[in-house]
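Dropping my_file_36.txt in here (compact mmCIF, C-alpha atoms):
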```txt
# COMPACT_ATOMS: atom_id res chain seq x y z
CA MET S 1 105.04 55.17 31.84
CA VAL S 2 107.32 58.18 31.53
CA LYS S 3 106.02 58.97 28.07
CA GLN S 4 102.41 58.52 29.15
CA SER S 5 102.97 60.77 32.17
CA ILE S 6 104.46 63.51 30.02
CA PHE S 7 101.64 63.11 27.52
CA GLY S 8 99.09 63.45 30.33
CA ARG S 9 100.70 66.66 31.56
CA MET S 10 100.83 68.00 28.05
CA ALA S 11 97.11 67.35 27.58
CA GLN S 12 96.31 68.97 30.92
CA LEU S 13 98.39 72.05 30.25
CA ALA S 14 97.08 72.37 26.71
CA LYS S 15 93.50 72.42 28.01
CA ALA S 16 94.25 74.92 30.80
CA ASN S 17 91.94 77.94 30.87
CA ILE S 18 94.40 80.81 31.17
CA ASN S 19 91.80 83.50 31.86
CA SER S 20 90.24 81.48 34.68
CA LEU S 21 93.64 80.86 36.27
CA LEU S 22 94.51 84.55 36.07
CA ASP S 23 91.20 85.57 37.69
CA GLN S 24 92.05 83.35 40.68
CA ALA S 25 95.64 84.54 40.99
CA GLU S 26 96.67 87.15 43.56
CA ASP S 27 99.49 88.37 41.32
CA PRO S 28 98.67 87.58 37.66
CA GLN S 29 102.07 88.70 36.38
CA LYS S 30 103.98 86.38 38.73
CA MET S 31 101.62 83.53 37.89
CA LEU S 32 102.10 84.14 34.17
CA ASP S 33 105.87 84.19 34.60
CA GLN S 34 105.70 80.90 36.50
CA MET S 35 103.38 79.37 33.89
CA VAL S 36 105.72 80.43 31.09
CA ARG S 37 108.61 78.76 32.91
CA ASP S 38 106.56 75.62 33.56
CA TYR S 39 105.43 75.42 29.96
CA SER S 40 108.95 75.96 28.68
CA ASN S 41 110.32 73.22 30.96
CA ASN S 42 107.54 70.81 30.01
CA ILE S 43 108.00 71.55 26.33
CA ALA S 44 111.71 70.79 26.59
CA GLU S 45 110.94 67.56 28.46
CA ALA S 46 108.19 66.65 26.01
CA GLU S 47 110.44 67.29 23.02
CA SER S 48 113.00 64.91 24.50
CA ALA S 49 110.33 62.26 25.10
CA VAL S 50 108.86 62.70 21.64
CA ALA S 51 112.33 62.46 20.10
CA GLN S 52 112.99 59.25 22.02
CA THR S 53 109.61 57.82 21.02
CA ILE S 54 110.22 58.70 17.39
CA GLY S 55 113.66 57.09 17.59
CA ASN S 56 112.14 53.89 19.00
CA LEU S 57 109.52 53.91 16.28
CA ARG S 58 112.15 54.32 13.59
CA MET S 59 114.07 51.38 15.04
CA LEU S 60 110.94 49.22 14.95
CA GLN S 61 110.29 50.29 11.39
CA ALA S 62 113.86 49.54 10.44
CA ASP S 63 113.60 46.06 11.99
CA TYR S 64 110.28 45.52 10.24
CA ASN S 65 111.67 46.59 6.90
CA GLU S 66 114.64 44.29 7.45
CA ASP S 67 112.32 41.36 8.25
CA VAL S 68 110.26 42.09 5.13
CA LYS S 69 113.40 42.25 3.03
CA ASN S 70 114.74 39.04 4.58
CA ALA S 71 111.46 37.31 3.87
CA GLN S 72 111.69 38.39 0.25
CA ASP S 73 115.32 37.30 0.03
CA TRP S 74 114.60 33.87 1.55
CA GLY S 75 111.67 33.51 -0.80
CA ASN S 76 113.89 34.22 -3.76
CA LYS S 77 116.49 31.75 -2.43
CA ALA S 78 113.80 29.10 -1.94
CA LEU S 79 112.62 29.64 -5.50
CA ALA S 80 116.17 29.43 -6.86
CA ALA S 81 116.89 26.25 -4.87
CA SER S 82 113.63 24.67 -6.06
CA ARG S 83 114.45 25.43 -9.68
CA LYS S 84 117.94 24.06 -9.22
CA ALA S 85 116.48 20.87 -7.76
CA ASP S 86 114.17 20.56 -10.76
CA GLU S 87 117.14 20.92 -13.14
CA TYR S 88 119.07 18.16 -11.34
CA ARG S 89 115.99 15.96 -11.28
CA SER S 90 115.51 16.48 -15.03
CA ALA S 91 119.14 15.50 -15.53
CA GLY S 92 118.55 12.31 -13.57
CA ASP S 93 120.61 13.47 -10.57
CA ALA S 94 118.24 12.60 -7.76
CA ALA S 95 120.75 13.19 -4.96
CA ASP S 96 121.50 16.79 -5.93
CA ALA S 97 117.82 17.37 -6.65
CA GLN S 98 116.98 16.28 -3.11
CA LYS S 99 119.78 18.39 -1.75
CA PHE S 100 118.45 21.58 -3.34
CA ASP S 101 114.89 20.71 -2.39
CA ASN S 102 116.08 20.57 1.18
CA LEU S 103 117.77 23.95 0.74
CA ALA S 104 114.52 25.34 -0.63
CA LYS S 105 112.68 24.06 2.44
CA VAL S 106 115.20 25.71 4.76
CA ALA S 107 114.87 28.97 2.83
CA LEU S 108 111.08 28.76 3.03
CA GLN S 109 111.30 28.10 6.75
CA ARG S 110 113.46 31.18 7.26
CA GLN S 111 111.16 33.19 5.02
CA MET S 112 108.25 32.25 7.24
CA ALA S 113 110.21 33.20 10.36
CA SER S 114 111.01 36.64 8.92
CA GLU S 115 107.37 37.14 7.90
CA ASN S 116 106.21 36.19 11.38
CA GLU S 117 108.62 38.65 12.97
CA ALA S 118 107.46 41.41 10.62
CA LYS S 119 103.83 40.58 11.31
CA ALA S 120 104.40 40.59 15.06
CA ALA S 121 106.00 44.03 14.85
CA GLU S 122 103.09 45.60 12.97
CA PRO S 123 100.86 46.24 16.06
CA SER S 124 103.75 47.81 17.96
CA ILE S 125 104.59 50.00 14.98
CA ALA S 126 100.97 51.09 14.63
CA SER S 127 100.70 51.84 18.35
CA GLN S 128 103.96 53.73 18.45
CA THR S 129 102.98 55.68 15.34
CA GLU S 130 99.73 56.73 17.05
CA VAL S 131 101.58 57.73 20.22
CA VAL S 132 104.07 59.77 18.22
CA GLU S 133 101.29 61.60 16.39
CA ARG S 134 99.49 62.33 19.62
CA LEU S 135 102.68 63.55 21.26
CA LYS S 136 103.42 65.77 18.28
CA THR S 137 99.91 67.20 18.45
CA GLY S 138 100.22 67.77 22.18
CA LEU S 139 103.60 69.39 21.69
CA ASP S 140 102.19 71.71 19.04
CA GLN S 141 99.35 72.64 21.39
CA MET S 142 101.81 73.35 24.17
CA LYS S 143 103.86 75.59 21.91
CA GLY S 144 100.69 77.39 20.90
CA LYS S 145 99.76 77.86 24.55
CA LEU S 146 103.26 79.09 25.29
CA ASN S 147 102.95 81.72 22.57
CA GLN S 148 99.54 82.66 23.94
CA LEU S 149 100.88 82.89 27.47
CA THR S 150 103.85 84.98 26.39
CA SER S 151 101.61 87.37 24.48
CA LYS S 152 99.18 87.56 27.40
CA ARG S 153 101.98 88.23 29.84
CA ASN S 154 103.46 91.00 27.67
CA GLU S 155 100.01 92.53 27.22
CA LEU S 156 99.26 92.50 30.96
CA VAL S 157 102.66 93.91 31.87
CA ALA S 158 102.20 96.74 29.36
CA ARG S 159 98.67 97.43 30.63
CA SER S 160 99.86 97.37 34.23
CA LYS S 161 102.60 99.90 33.48
CA THR S 162 100.14 102.11 31.59
CA ALA S 163 97.65 101.97 34.46
CA ALA S 164 100.38 102.85 36.97
CA ALA S 165 101.50 105.79 34.84
CA GLN S 166 97.93 107.04 34.47
CA SER S 167 97.42 106.75 38.22
CA GLN S 168 100.53 108.82 38.86
CA VAL S 169 99.39 111.48 36.41
CA HIS S 170 95.94 111.53 38.01
CA ASP S 171 97.43 111.95 41.49
CA ALA S 172 99.70 114.73 40.25
CA LEU S 173 96.80 116.58 38.62
CA LYS S 174 94.63 116.09 41.68
CA SER S 175 97.29 117.58 43.95
CA ILE S 176 97.27 120.86 41.96
CA ASP S 177 93.54 121.06 41.28
CA ILE S 178 92.42 124.28 43.01
CA MET S 179 88.78 123.19 42.76
CA ASP S 180 89.49 120.04 44.74
CA PRO S 181 89.16 120.76 48.47
CA THR S 182 91.16 117.67 49.33
CA SER S 183 94.19 118.85 47.38
CA GLU S 184 97.19 120.55 48.95
CA VAL S 185 96.30 123.88 47.32
CA GLY S 186 92.71 123.61 48.53
CA ARG S 187 93.78 122.98 52.10
CA PHE S 188 96.23 125.89 51.97
CA GLU S 189 93.55 128.21 50.58
CA GLU S 190 91.15 127.20 53.35
CA LYS S 191 93.80 128.00 55.93
CA ILE S 192 94.29 131.46 54.40
CA ARG S 193 90.53 132.07 54.38
CA ARG S 194 90.33 131.26 58.08
CA GLU S 195 93.19 133.65 58.79
CA GLU S 196 91.52 136.39 56.72
CA ALA S 197 88.23 135.85 58.56
CA LYS S 198 90.06 136.12 61.86
CA VAL S 199 91.64 139.43 60.80
CA LEU S 200 88.23 140.78 59.72
CA GLY S 201 86.78 139.80 63.07
CA GLN S 202 89.62 141.53 64.91
CA GLN S 203 89.16 144.67 62.79
CA GLU S 204 85.41 144.72 63.43
CA LEU S 205 85.94 144.24 67.16
CA ALA S 206 88.53 147.01 67.23
CA ALA S 207 86.24 149.37 65.30
CA SER S 208 83.35 148.71 67.67
CA SER S 209 85.53 149.47 70.70
CA LEU S 210 86.79 152.71 69.12
CA ASP S 211 83.24 153.94 68.39
CA ALA S 212 82.30 153.35 72.01
CA GLN S 213 85.27 155.37 73.15
CA PHE S 214 84.31 158.30 70.89
CA ASN S 215 80.73 158.19 72.15
CA GLN S 216 81.97 158.41 75.73
CA LEU S 217 84.08 161.43 74.82
CA GLU S 218 81.07 163.15 73.20
CA ASP S 219 78.90 162.50 76.27
CA LEU S 220 81.59 163.89 78.56
CA GLY S 221 81.94 167.06 76.45
CA GLU S 222 78.19 167.64 76.50
CA GLN S 223 77.96 167.29 80.29
CA THR S 224 80.88 169.68 80.67
CA GLU S 225 79.07 172.27 78.52
CA ILE S 226 75.87 171.91 80.53
CA GLU S 227 77.66 172.34 83.83
CA ALA S 228 79.43 175.43 82.50
CA ARG S 229 76.19 177.06 81.38
CA LEU S 230 74.51 176.30 84.70
CA ALA S 231 77.35 177.88 86.57
CA ALA S 232 77.02 180.96 84.33
CA LEU S 233 73.33 181.22 85.10
CA LYS S 234 73.88 181.01 88.80
CA SER S 235 76.52 183.75 88.62
CA GLY S 236 74.13 186.00 86.73
CA GLY S 237 75.86 185.71 83.45
CA THR S 238 74.47 184.83 80.03
CA PRO S 239 74.80 181.27 78.80
CA ARG S 240 77.15 180.71 75.91
CA PRO S 241 75.50 179.87 72.59
CA ALA S 242 75.83 176.32 71.25
CA LEU S 243 78.61 175.80 68.73
CA GLY S 244 77.45 174.11 65.58
CA ALA S 245 75.41 171.02 66.11
CA SER S 246 77.14 169.91 69.25
CA GLY S 247 74.33 171.04 71.49
CA SER S 248 71.64 169.33 69.45
CA ALA S 249 73.77 166.22 69.00
CA GLY S 250 74.20 165.84 72.72
CA SER S 251 70.58 166.57 73.71
CA GLY S 252 69.71 162.93 73.60
CA SER S 253 72.49 162.11 75.98
CA ALA S 254 71.48 164.88 78.40
CA ALA S 255 67.94 163.64 78.42
CA SER S 256 69.21 160.21 79.19
CA GLU S 257 71.21 161.61 82.14
CA HIS S 258 68.39 163.59 83.84
CA THR S 259 64.72 162.60 83.94
CA VAL S 260 62.59 165.74 83.31
CA ASP S 261 58.85 166.22 83.68
CA GLU S 262 57.74 168.61 80.95
CA ALA S 263 54.93 169.91 83.22
CA ASP S 264 57.52 171.44 85.49
CA PHE S 265 58.35 173.95 82.75
CA ASP S 266 54.74 175.28 82.87
CA LYS S 267 55.20 176.20 86.51
CA LEU S 268 58.05 178.56 85.69
```
Could you render the structure as C-alpha cells?
Amino acid sequence: MVKQSIFGRMAQLAKANINSLLDQAEDPQKMLDQMVRDYSNNIAEAESAVAQTIGNLRMLQADYNEDVKNAQDWGNKALAASRKADEYRSAGDAADAQKFDNLAKVALQRQMASENEAKAAEPSIASQTEVVERLKTGLDQMKGKLNQLTSKRNELVARSKTAAAQSQVHDALKSIDIMDPTSEVGRFEEKIRREEAKVLGQQELAASSLDAQFNQLEDLGEQTEIEARLAALKSGGTPRPALGASGSAGSGSAASEHTVDEADFDKL
C-alpha cells in the first residue's frame, strides 16, 4: 500500500500542469518554491520506496535462481542414483539397486518441490519487475518535472527582478520628465507660472492706478489755468498764452466740466 500510494502521488505530480497552477496562484514564486520542496521530498521518498522494491525483487530473483539451481542439482542426483541402482542391479545386487532407486525417487521428489517453488515465484517476480519499471519511469518523470520547475522558478524570479528594475527606472524618468504635468518638475513649473501671472496682474493693476492719478493731475492743472485766465480777464488784463500743447490737451476735459451752447457765442 505504501508503494502504491507513493506511485500514485508520483503519477499525479508528473502529470501536473505547471502553467495552469501558476496562473491560479496569488504568488507564483512562493508556489514554485513550495512545489520544488514538495517534489524534492517526494523524490527522496520515492527513491527510498523504489530502492526497497528493487531490493525485494532481487531477493525474489535470488530465491528463484536458488530454486532453479536446486531443481537442477536434485535432478542430477536423481540421475546419478538411478544409474547407480542400474549398476547394482546388473551386478545382481538387488538390495543396493533398490536402495539407490529409492534415493533417486527422493531426489526427484525434491526436484519437483524446488521446481514448484520456482514456478510459484514467477508471477510475483513478473509483477514486482513491472512495478519497479513503473516506479523508475515515474521517478524519472518526477526528476524531469523538478528540473522544469527549477528552471521555471529561476526564469520567473529573473523576470520579476527585471520588471521591478524597469519599473523603478520608469518612475525615475517620469519624475524628471518636464513634459509630464504630473511630475514633480511639472507641478513646480505650474506653481511658478501662477506666481508669475499674479505678479503681472499686480503690475497691470498698479499701472492702471498710476495712469488715473496722472490724468487727475492733468485735469487739475487745466482747471487752474482756466481760472487764472478768467481772473485776468475780469481784472482787465490780457490772458496768458497757452504753453505748448497743454491747452489743447486739456480742452476735452474743460468741455467735459462745463456744458456750452455754441449759439451763445453768436450773441457776443
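Counting from atom CA of S:Tyr64, the distance to atom CA of S:Arg110 is 15.0 Å.
Counting from atom CA of S:Arg159, the distance to atom CA of S:Lys145 is 20.5 Å.
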* What is the atom CA of S:Ala51-atom CA of S:Tyr39 distance in Å, reported with one decimal? -> 17.7 Å
* Asked: Got a sec: who's within 9 Å of S:Ala71, counting only C-alpha atoms, leaving out chain neighbours fewer than 5 positions off, as a PyMOL selection string?
  -> chain S and resi 66+76+108+110-115+118
Using only C-alpha atoms, please write the residues we just selected to a file, as a compact mmCIF listing (two decimals), in the coordinates of the input.
```
# COMPACT_ATOMS: atom_id res chain seq x y z
CA GLU S 66 114.64 44.29 7.45
CA ASN S 76 113.89 34.22 -3.76
CA LEU S 108 111.08 28.76 3.03
CA ARG S 110 113.46 31.18 7.26
CA GLN S 111 111.16 33.19 5.02
CA MET S 112 108.25 32.25 7.24
CA ALA S 113 110.21 33.20 10.36
CA SER S 114 111.01 36.64 8.92
CA GLU S 115 107.37 37.14 7.90
CA ALA S 118 107.46 41.41 10.62
```
* Asked: If you count all atoms listed in the file, which residues fall within 10 Å of S:Glu47, apart from same-chain ones fewer than 6 positions away, as number ranges by chain?
  -> S: 6, 41, 53, 135-136, 139
